[in-house]
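What follows is the content of coords_14.txt (compact mmCIF, C-alpha atoms).
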# COMPACT_ATOMS: atom_id res chain seq x y z
CA MET A 1 -86.63 314.53 21.76
CA ALA A 2 -83.08 313.60 22.62
CA THR A 3 -82.44 312.13 26.02
CA THR A 4 -79.34 312.74 28.11
CA LEU A 5 -76.73 310.03 27.72
CA THR A 6 -73.81 309.22 29.92
CA CYS A 7 -70.44 309.05 28.19
CA THR A 8 -70.40 305.28 28.57
CA ALA A 9 -73.82 304.94 26.96
CA CYS A 10 -72.76 307.28 24.20
CA GLU A 11 -69.59 305.26 23.61
CA GLU A 12 -71.75 302.18 23.10
CA LEU A 13 -73.68 303.97 20.37
CA ILE A 14 -70.45 305.32 18.90
CA ALA A 15 -69.09 301.77 18.73
CA LEU A 16 -72.17 300.58 16.86
CA ALA A 17 -71.96 303.56 14.52
CA ALA A 18 -68.27 302.89 13.84
CA LEU A 19 -69.18 299.33 12.94
CA GLY A 20 -72.02 300.54 10.74
CA VAL A 21 -74.85 298.97 12.73
CA LEU A 22 -76.31 301.86 14.70
CA GLY A 23 -80.04 302.11 14.23
CA THR A 24 -81.45 305.48 13.22
CA SER A 25 -83.50 305.68 16.40
CA ASP A 26 -80.35 306.16 18.46
CA VAL A 27 -78.74 308.73 16.23
CA SER A 28 -80.28 311.86 17.71
CA ASP A 29 -79.29 310.91 21.27
CA MET A 30 -75.73 310.20 20.22
CA GLU A 31 -75.37 313.35 18.16
CA ALA A 32 -76.83 315.49 20.94
CA HIS A 33 -74.24 314.12 23.32
CA LEU A 34 -71.41 314.52 20.79
CA ARG A 35 -72.27 318.18 20.32
CA THR A 36 -71.71 318.98 23.96
CA CYS A 37 -69.24 316.41 25.27
CA PRO A 38 -65.56 317.41 25.21
CA ARG A 39 -64.37 313.79 25.21
CA CYS A 40 -66.67 311.62 23.14
CA PRO A 41 -65.97 313.16 19.71
CA THR A 42 -62.37 311.98 20.06
CA THR A 43 -63.59 308.54 21.02
CA ALA A 44 -65.81 308.57 17.95
CA ARG A 45 -62.89 309.12 15.65
CA ALA A 46 -60.72 306.60 17.46
CA PHE A 47 -63.42 303.93 17.23
CA ARG A 48 -63.95 304.67 13.55
CA VAL A 49 -60.26 304.20 12.80
CA THR A 50 -60.13 301.09 14.97
CA ALA A 51 -63.17 299.55 13.27
CA ALA A 52 -61.54 300.14 9.91
CA THR A 53 -58.63 297.90 10.89
CA LEU A 54 -61.01 294.94 10.62
CA ALA A 55 -60.84 295.32 6.87
CA GLU A 56 -57.10 294.77 7.08
CA SER A 57 -57.39 291.49 8.96
CA VAL A 58 -58.22 289.28 5.99
CA ASP A 59 -55.93 288.00 3.24
CA LEU A 60 -55.91 290.19 0.18
CA LEU A 61 -57.54 288.94 -3.01
CA GLU A 62 -56.56 289.93 -6.52
CA PRO A 63 -59.40 291.63 -8.39
CA PRO A 64 -60.01 290.46 -11.98
CA ALA A 65 -57.94 292.25 -14.62
CA ALA A 66 -61.13 292.89 -16.60
CA LEU A 67 -62.44 295.03 -13.75
CA ARG A 68 -59.42 297.30 -14.01
CA ARG A 69 -59.80 297.67 -17.75
CA ARG A 70 -63.51 298.35 -17.48
CA LEU A 71 -63.14 300.87 -14.70
CA LEU A 72 -60.27 302.75 -16.26
CA ALA A 73 -62.02 302.84 -19.61
CA ALA A 74 -64.98 304.47 -17.92
CA VAL A 75 -62.80 306.97 -16.08
CA TYR A 76 -60.70 307.92 -19.08
CA SER A 77 -63.74 308.28 -21.28
CA SER A 78 -65.53 310.41 -18.68
CA SER A 79 -62.61 312.74 -18.11
CA THR A 80 -64.00 316.04 -19.31
CA ALA A 81 -60.85 318.13 -19.08
CA GLY A 82 -59.87 319.79 -22.33
CA PRO A 83 -56.47 319.20 -23.95
CA GLN A 84 -54.74 322.16 -22.30
CA ARG A 85 -56.02 321.35 -18.86
CA ARG A 86 -55.21 317.67 -19.38
CA LEU A 87 -51.68 318.67 -20.29
CA ARG A 88 -51.31 320.72 -17.11
CA ILE A 89 -52.67 317.87 -15.03
CA ARG A 90 -50.35 315.44 -16.77
CA GLU A 91 -47.38 317.68 -16.06
CA LEU A 92 -48.32 317.77 -12.39
CA TRP A 93 -48.69 314.04 -12.35
CA GLN A 94 -45.36 313.48 -14.06
CA ARG A 95 -43.61 315.71 -11.57
CA LEU A 96 -44.98 313.46 -8.85
CA SER A 97 -44.33 310.22 -10.62
CA GLN A 98 -40.95 309.46 -12.12
CA ARG A 99 -41.56 305.82 -12.84
CA ARG A 100 -45.14 305.45 -13.90
CA ILE A 101 -45.79 302.44 -16.10
CA LEU A 102 -47.69 303.22 -19.26
CA THR A 103 -50.59 300.80 -19.39
CA PRO A 104 -52.83 300.41 -22.38
CA VAL A 105 -55.67 302.40 -20.90
CA ALA A 106 -53.52 305.14 -19.43
CA ALA A 107 -51.86 305.32 -22.77
CA LEU A 108 -55.04 306.57 -24.40
CA ALA A 109 -54.40 310.06 -23.17
CA THR A 110 -50.80 309.87 -24.23
CA ALA A 111 -51.89 308.53 -27.61
CA ALA A 112 -54.03 311.59 -28.19
CA ALA A 113 -51.12 313.79 -27.18
CA VAL A 114 -48.74 311.99 -29.51
CA ALA A 115 -51.19 312.12 -32.36
CA PHE A 116 -51.57 315.86 -32.05
CA GLY A 117 -47.97 316.69 -31.38
CA ILE A 118 -48.44 317.69 -27.77
CA LEU A 119 -45.92 315.25 -26.46
CA ALA A 120 -43.90 314.60 -29.56
CA THR A 121 -40.71 314.48 -27.55
CA ARG A 122 -41.89 311.36 -25.74
CA THR A 123 -41.34 309.31 -28.88
CA ALA A 124 -37.61 309.67 -29.22
CA ALA A 125 -36.04 308.71 -32.54
CA PRO A 126 -35.43 304.98 -32.44
CA ALA A 127 -32.19 303.34 -33.41
CA ARG A 128 -34.20 300.74 -35.30
CA PRO A 129 -36.52 302.00 -38.02
CA ASN A 130 -40.17 302.36 -37.21
CA GLU A 131 -42.58 300.28 -39.22
CA VAL A 132 -45.95 301.38 -40.50
CA PHE A 133 -48.84 299.02 -41.21
CA PRO A 134 -52.05 300.01 -42.97
CA VAL A 135 -55.50 299.63 -41.49
CA THR A 136 -57.84 297.42 -43.52
CA ALA A 137 -61.51 298.20 -43.10
CA ALA A 138 -63.90 295.36 -42.43
CA ALA A 139 -67.23 295.01 -44.16
CA GLY A 140 -69.64 297.64 -42.88
CA GLN A 141 -66.88 300.17 -42.21
CA PRO A 142 -65.76 300.88 -45.77
CA VAL A 143 -64.34 304.30 -45.00
CA ALA A 144 -62.17 303.31 -42.04
CA SER A 145 -58.53 304.00 -42.80
CA GLY A 146 -55.32 304.76 -41.01
CA ASP A 147 -52.14 303.13 -39.89
CA LEU A 148 -50.28 301.58 -37.04
CA THR A 149 -46.76 302.81 -36.38
CA TYR A 150 -44.60 300.34 -34.51
CA TYR A 151 -41.64 301.59 -32.46
CA PRO A 152 -39.48 298.46 -32.03
CA ASN A 153 -37.14 299.97 -29.47
CA THR A 154 -39.96 300.48 -26.99
CA SER A 155 -42.33 297.75 -28.18
CA THR A 156 -44.96 300.44 -28.47
CA SER A 157 -47.34 301.11 -31.32
CA VAL A 158 -49.48 304.14 -32.06
CA LEU A 159 -52.66 303.54 -33.99
CA VAL A 160 -54.51 306.35 -35.74
CA VAL A 161 -57.78 305.56 -37.51
CA ARG A 162 -60.10 307.85 -39.47
CA GLY A 163 -63.57 307.33 -40.80
CA LEU A 164 -65.10 305.59 -37.80
CA ALA A 165 -68.56 306.58 -36.66
CA PRO A 166 -68.29 309.73 -34.55
CA SER A 167 -69.27 309.55 -30.94
CA GLY A 168 -72.91 310.35 -30.32
CA SER A 169 -74.17 309.29 -33.72
CA PRO A 170 -76.94 306.72 -33.95
CA VAL A 171 -74.49 304.17 -35.22
CA SER A 172 -71.74 304.98 -32.74
CA PRO A 173 -70.42 302.02 -30.79
CA ASP A 174 -70.10 302.16 -27.06
CA VAL A 175 -66.39 301.44 -27.31
CA TYR A 176 -63.92 300.36 -29.93
CA GLU A 177 -61.87 297.65 -28.29
CA LEU A 178 -58.53 296.52 -29.71
CA TRP A 179 -57.27 292.96 -29.77
CA LEU A 180 -53.98 291.35 -30.64
CA ILE A 181 -54.61 288.13 -32.52
CA SER A 182 -52.14 285.29 -32.12
CA ALA A 183 -51.17 282.76 -34.78
CA ALA A 184 -53.46 280.29 -33.03
CA GLY A 185 -56.37 282.69 -33.39
CA SER A 186 -56.76 283.73 -29.75
CA ALA A 187 -57.55 287.39 -29.04
CA GLU A 188 -55.88 289.36 -26.28
CA PRO A 189 -57.48 292.67 -25.25
CA VAL A 190 -54.93 295.47 -25.40
CA ALA A 191 -56.55 298.89 -25.53
CA PHE A 192 -59.52 301.03 -26.43
CA LEU A 193 -59.64 303.64 -29.15
CA ALA A 194 -60.10 307.17 -27.88
CA PRO A 195 -61.56 309.93 -30.05
CA SER A 196 -59.40 312.90 -30.90
CA PRO A 197 -60.69 316.27 -29.65
CA ASP A 198 -62.05 317.15 -33.10
CA ARG A 199 -63.68 313.71 -33.34
CA ARG A 200 -62.24 313.19 -36.80
CA SER A 201 -59.91 310.39 -35.83
CA TRP A 202 -59.39 307.82 -33.16
CA VAL A 203 -56.12 306.93 -31.46
CA ALA A 204 -54.64 304.30 -29.20
CA VAL A 205 -51.26 303.26 -27.90
CA VAL A 206 -50.57 299.55 -27.79
CA SER A 207 -47.87 298.72 -25.26
CA ALA A 208 -46.99 295.21 -26.32
CA ASP A 209 -44.52 293.33 -28.43
CA ILE A 210 -46.71 293.04 -31.50
CA ARG A 211 -44.13 290.85 -33.24
CA ARG A 212 -45.61 287.93 -31.33
CA PHE A 213 -48.96 288.38 -33.07
CA GLN A 214 -50.48 287.93 -36.50
CA ALA A 215 -52.84 290.87 -36.49
CA LEU A 216 -54.46 293.64 -34.54
CA ALA A 217 -58.22 293.98 -34.82
CA ALA A 218 -60.93 296.28 -33.51
CA THR A 219 -64.44 295.29 -32.52
CA ILE A 220 -67.45 297.17 -31.22
CA GLU A 221 -68.09 296.23 -27.60
CA PRO A 222 -70.42 297.35 -24.84
CA PRO A 223 -69.27 300.10 -22.44
CA GLY A 224 -66.28 298.99 -20.42
CA GLY A 225 -65.24 296.45 -23.01
CA THR A 226 -65.19 292.68 -22.73
CA SER A 227 -62.57 290.02 -22.13
CA HIS A 228 -63.27 288.30 -25.46
CA PRO A 229 -64.47 289.80 -28.74
CA THR A 230 -68.27 289.69 -28.95
CA GLY A 231 -69.15 292.48 -31.37
CA PRO A 232 -68.59 292.98 -35.08
CA GLN A 233 -65.12 293.57 -36.37
CA VAL A 234 -64.50 297.12 -37.57
CA PHE A 235 -61.01 296.89 -39.03
CA SER A 236 -57.79 294.96 -38.76
CA VAL A 237 -54.08 295.47 -39.23
CA ALA A 238 -52.01 292.62 -40.61
CA LEU A 239 -48.76 292.28 -38.66
CA ASP A 240 -47.20 289.50 -40.72
CA GLN A 241 -44.25 291.57 -41.80
CA VAL A 242 -43.22 292.80 -38.35
CA MET B 1 -40.82 307.03 -5.41
CA GLN B 2 -44.38 306.51 -4.26
CA HIS B 3 -46.30 309.73 -3.83
CA THR B 4 -48.60 310.29 -0.90
CA ASP B 5 -52.28 309.47 -0.85
CA GLU B 6 -53.02 313.16 -0.39
CA ALA B 7 -51.12 314.08 -3.55
CA VAL B 8 -52.80 311.34 -5.54
CA VAL B 9 -56.30 312.14 -4.38
CA GLU B 10 -55.80 315.84 -5.01
CA LEU B 11 -54.96 315.10 -8.63
CA VAL B 12 -57.91 312.73 -8.89
CA ALA B 13 -60.11 315.58 -7.68
CA ARG B 14 -58.65 317.73 -10.46
CA GLY B 15 -59.72 315.14 -12.99
CA ALA B 16 -56.48 313.27 -13.66
CA PRO B 17 -57.25 309.71 -14.78
CA GLU B 18 -53.58 308.80 -14.38
CA ALA B 19 -53.79 309.57 -10.68
CA PHE B 20 -56.99 307.58 -10.43
CA GLU B 21 -55.19 304.66 -12.03
CA ALA B 22 -52.49 304.84 -9.38
CA LEU B 23 -55.10 305.05 -6.67
CA TYR B 24 -56.87 302.00 -8.07
CA ASP B 25 -53.64 300.02 -8.22
CA ARG B 26 -52.93 300.96 -4.62
CA TYR B 27 -56.29 300.03 -3.12
CA SER B 28 -58.12 297.71 -5.50
CA LYS B 29 -56.96 294.54 -3.74
CA LEU B 30 -58.16 295.80 -0.38
CA ALA B 31 -61.44 296.99 -1.86
CA TYR B 32 -62.07 293.72 -3.66
CA THR B 33 -61.17 291.75 -0.54
CA VAL B 34 -63.64 293.72 1.56
CA ALA B 35 -66.38 293.31 -1.02
CA MET B 36 -65.73 289.58 -1.34
CA ARG B 37 -65.65 289.12 2.44
CA VAL B 38 -69.08 290.70 2.74
CA LEU B 39 -70.70 289.23 -0.36
CA SER B 40 -68.89 285.93 -1.06
CA ASP B 41 -69.81 286.44 -4.70
CA ALA B 42 -67.16 287.38 -7.22
CA ALA B 43 -69.48 289.03 -9.73
CA ALA B 44 -71.30 291.07 -7.09
CA ALA B 45 -68.01 292.05 -5.46
CA GLU B 46 -66.69 293.21 -8.82
CA ASP B 47 -69.76 295.39 -9.33
CA VAL B 48 -69.41 296.88 -5.87
CA VAL B 49 -65.75 297.70 -6.35
CA GLN B 50 -66.49 299.30 -9.69
CA GLU B 51 -69.27 301.44 -8.21
CA ALA B 52 -67.13 302.36 -5.24
CA PHE B 53 -64.18 303.49 -7.33
CA LEU B 54 -66.40 305.43 -9.67
CA ALA B 55 -67.81 307.12 -6.56
CA VAL B 56 -64.25 307.92 -5.50
CA TRP B 57 -63.58 309.37 -8.96
CA ARG B 58 -66.66 311.59 -8.75
CA ARG B 59 -66.43 312.50 -5.07
CA SER B 60 -62.72 312.69 -4.38
CA ALA B 61 -63.03 316.41 -3.70
CA THR B 62 -65.05 315.56 -0.59
CA TYR B 63 -62.21 313.54 0.93
CA ARG B 64 -60.67 315.19 3.99
CA PRO B 65 -57.34 313.66 5.03
CA GLU B 66 -57.60 315.12 8.52
CA ARG B 67 -60.71 313.03 9.08
CA GLY B 68 -59.23 309.65 8.21
CA SER B 69 -56.92 307.89 5.83
CA LEU B 70 -57.74 307.38 2.18
CA ARG B 71 -57.71 303.61 2.62
CA THR B 72 -60.28 303.93 5.43
CA TRP B 73 -62.42 306.16 3.25
CA ILE B 74 -62.33 303.72 0.36
CA CYS B 75 -62.92 300.74 2.66
CA THR B 76 -65.95 302.45 4.15
CA ILE B 77 -67.45 303.19 0.75
CA VAL B 78 -66.89 299.62 -0.44
CA ARG B 79 -68.18 297.99 2.70
CA ASN B 80 -71.29 300.15 2.89
CA ARG B 81 -72.11 299.46 -0.72
CA ALA B 82 -71.47 295.73 -0.28
CA ILE B 83 -73.75 295.58 2.74
CA ASP B 84 -76.44 297.49 0.87
CA VAL B 85 -76.23 294.92 -1.90
CA LEU B 86 -76.28 292.09 0.62
CA ARG B 87 -79.44 293.41 2.23
CA GLY B 88 -81.12 294.60 -0.94
CA GLU B 89 -81.08 298.06 -2.35
CA SER B 90 -83.41 299.43 0.30
CA GLY B 91 -81.06 298.17 2.98
CA ARG B 92 -81.74 298.84 6.59
CA ALA B 93 -81.71 302.23 8.16
CA ARG B 94 -78.10 302.64 9.09
CA TYR B 95 -76.08 305.44 10.53
CA GLU B 96 -72.40 305.76 9.84
CA LEU B 97 -69.80 307.87 11.48
CA SER B 98 -69.34 309.59 8.21
CA LEU B 99 -65.93 310.39 6.85
CA GLU B 100 -67.39 312.91 4.50
CA ASP B 101 -69.81 315.07 6.42
CA SER B 102 -68.92 318.64 7.13
CA ARG B 103 -69.30 318.52 10.87
CA GLU B 104 -66.10 319.48 12.61
CA GLU B 105 -64.44 316.83 14.69
CA PRO B 106 -61.26 317.10 16.63
CA SER B 107 -58.42 315.40 14.81
CA LEU B 108 -56.60 312.52 16.39
CA SER B 109 -53.41 314.20 17.42
CA ASP B 110 -52.36 311.12 19.36
CA THR B 111 -50.91 309.53 16.21
CA TRP B 112 -53.41 306.69 16.44
CA THR B 113 -54.06 307.06 12.74
CA GLU B 114 -50.36 306.67 12.03
CA VAL B 115 -50.20 303.62 14.26
CA VAL B 116 -53.01 302.02 12.30
CA ALA B 117 -51.35 302.79 9.00
CA ASP B 118 -48.29 300.80 10.06
CA LEU B 119 -50.12 297.76 11.33
CA SER B 120 -49.56 294.48 9.56
CA ARG B 121 -52.32 292.02 8.81
CA GLU B 122 -50.88 289.46 11.21
CA ARG B 123 -50.66 292.03 13.97
CA ILE B 124 -54.33 292.91 13.59
CA ARG B 125 -55.27 289.23 13.62
CA GLU B 126 -53.22 288.70 16.73
CA ALA B 127 -54.93 291.64 18.42
CA LEU B 128 -58.33 290.21 17.48
CA ARG B 129 -57.34 286.84 18.93
CA GLN B 130 -56.64 288.56 22.24
CA LEU B 131 -60.23 289.74 22.53
CA PRO B 132 -62.70 287.63 24.49
CA VAL B 133 -64.42 285.40 21.96
CA GLU B 134 -67.86 286.99 22.42
CA GLN B 135 -66.40 290.45 21.78
CA ARG B 136 -64.56 289.27 18.71
CA GLN B 137 -67.71 287.64 17.35
CA THR B 138 -69.68 290.80 17.96
CA LEU B 139 -67.14 292.82 15.99
CA GLU B 140 -67.05 290.37 13.12
CA LEU B 141 -70.80 290.02 12.87
CA ALA B 142 -71.27 293.76 12.98
CA TYR B 143 -68.54 294.56 10.47
CA TRP B 144 -68.93 291.78 7.93
CA SER B 145 -72.38 290.23 8.11
CA GLY B 146 -74.58 293.21 7.42
CA MET B 147 -76.74 292.28 10.42
CA SER B 148 -78.45 294.97 12.45
CA GLN B 149 -77.71 295.28 16.16
CA THR B 150 -81.00 293.53 16.91
CA GLU B 151 -80.15 290.68 14.56
CA ILE B 152 -76.73 290.32 16.15
CA GLY B 153 -78.35 290.06 19.57
CA ARG B 154 -80.70 287.42 18.25
CA ALA B 155 -77.89 285.49 16.57
CA MET B 156 -75.83 285.53 19.76
CA SER B 157 -78.83 285.02 22.03
CA VAL B 158 -78.10 288.11 24.09
CA PRO B 159 -80.08 291.28 24.80
CA LEU B 160 -79.49 294.40 22.74
CA GLY B 161 -77.77 296.08 25.66
CA THR B 162 -75.20 293.31 25.73
CA VAL B 163 -74.47 293.79 22.04
CA LYS B 164 -73.86 297.49 22.65
CA GLY B 165 -71.64 296.84 25.63
CA ARG B 166 -69.61 294.19 23.81
CA ALA B 167 -69.13 296.42 20.78
CA ARG B 168 -67.79 299.23 22.94
CA LEU B 169 -65.54 296.98 24.98
CA ALA B 170 -64.28 295.21 21.87
CA LEU B 171 -63.28 298.39 20.07
CA SER B 172 -61.71 299.83 23.21
CA LYS B 173 -59.73 296.66 23.82
CA LEU B 174 -58.75 296.29 20.18
CA ARG B 175 -57.45 299.82 20.07
CA GLU B 176 -55.59 299.32 23.32
CA VAL B 177 -53.94 296.12 22.11
CA LEU B 178 -53.04 297.55 18.71
CA GLN B 179 -51.67 300.72 20.20
CA GLY B 180 -49.61 298.75 22.67
CA LYS B 181 -48.17 296.75 19.81
CA GLY B 182 -47.51 299.68 17.58
CA GLU B 183 -43.77 299.18 17.47
CA LEU B 184 -43.32 301.85 14.82
CA TRP B 185 -45.18 304.40 16.86
CA GLN B 186 -43.02 306.99 18.54
CA PRO B 187 -44.42 309.78 20.68
CA HIS B 188 -43.96 313.18 19.07
Translate the structure of the given file into structure tokens.
Amino acid sequence: MATTLTCTACEELIALAALGVLGTSDVSDMEAHLRTCPRCPTTARAFRVTAATLAESVDLLEPPAALRRRLLAAVYSSSTAGPQRRLRIRELWQRLSQRRILTPVAALATAAAVAFGILATRTAAPARPNEVFPVTAAAGQPVASGDLTYYPNTSTSVLVVRGLAPSGSPVSPDVYELWLISAAGSAEPVAFLAPSPDRRSWVAVVSADIRRFQALAATIEPPGGTSHPTGPQVFSVALDQV
Amino acid sequence: MQHTDEAVVELVARGAPEAFEALYDRYSKLAYTVAMRVLSDAAAAEDVVQEAFLAVWRRSATYRPERGSLRTWICTIVRNRAIDVLRGESGRARYELSLEDSREEPSLSDTWTEVVADLSRERIREALRQLPVEQRQTLELAYWSGMSQTEIGRAMSVPLGTVKGRARLALSKLREVLQGKGELWQPH
């Protein structure tokens, strides 16, 4: 049964609660007092906000870039909104944001839109001719085909691939991760393939100057992707002629 | 133009990954810093931040701006999760002044929330330095170490009642000092 607290005693419990160290045995007394006291609920909120300033007292650290890629891959892949609703949401977002940077992961949604003509106007006719490079299937993925269209004016490429294992099949990979391969052989993660709504093709936008690289390749990686290729190669695109 | 937290979180609640991306870019450093400060382990901190942001993605509709800022909400989720990891999944029985429950609370019409939003890191550190050392230690142990109130008392060799009193005095004093230094604050 709750006992009667003075405001001062309740404030002590509120302080502990705001700091996250109030034991459960004190909760009922504090809550009973908060329900009837005209003053202490305001103190509770003030202490909570004050306690939160402690988090702001330490120097900020930069989280690893891989965490961002992994997290956004999970969020984009879990977004269940259909194409029409996604378009409405995107329109809302674009009204809010006039200078959003298109990152590789965010670009997945745009890639799907481009591939299906939803946002065709976003890819304005370039002054320099676009270049198209064929996808070459790796062993084990003999039916993979498609092409990479490079837009030199924006250093952006749109990749469309068909014939990959559909999502949900026994042989489906967790993710198809894309890599740009340098002349020295190093691999730089650039994007994930996203399935089209009909699951017949996969798309990605690569926001990078691909002229600095020898090839683009796709591998099968665990959910969230990895920082270096670990899984089997699925296909590649030779960029020698860019 | 940077849109407001409220606008961003509303779009996150409607399932816009682009908005979530903006939210992550805005608060990931703070979240990772909090997780690292509690855990001192980069891999564990990364996991905590990932879980916390996925929780934000799934639960953004429960966020109520009138009950606290978005950064406070995210900080609370990250810190709680980090402390749970620090103490093991079972954790200790802990009560939080929840930012998400449905109980009505009066809003802080005194602009204290706005004052906090404008505080610089150095200003908060300076305010902490003005606290008596035993009060500052109580705050830091309680907020960062994951210790229970009993463990804090043991660590500081003081009775539980002293821990409670110091916590209350410390938060009161900290608020008073920060409010007094809130140069950007103007009475409405």
| Could you state the separation of atom CA of A:Ala138 and atom CA of A:Arg162 in Å, given to one decimal place? | 13.4 Å
| query | Quick one: of B:Val8, B:Met147, B:Val34, B:Val163, who's nearest to B:Ala61, counting only C-alpha atoms? | reply |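 Ranked by minimum distance to B:Ala61, first place goes to B:Val8.
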| field | Distance of atom CA of A:Val135 from atom CA of A:Val161, expressed in Å to one decimal place | value |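 Going from atom CA of A:Val161 over to atom CA of A:Val135 covers 7.5 Å.
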| task | May I ask which of the residues A:Ser182, A:Thr4, A:Gln214, A:Thr43 is the closest one to chain B, counting all atoms listed in the file? | result | A:Thr43
| said: What does the structure give for the distance between atom CA of A:Ser186 and atom CA of A:Tyr151, in Å to one decimal? | reply: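 Atom CA of A:Ser186 sits 23.6 Å away from atom CA of A:Tyr151.
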| query | Quick one: residues within 10 Å of A:Trp179, all atoms listed in the file counted, chain neighbours fewer than 3 positions away excluded, as a PyMOL selection string? | reply | chain A and resi 176+182+186-192+206+215-219+227-229+236
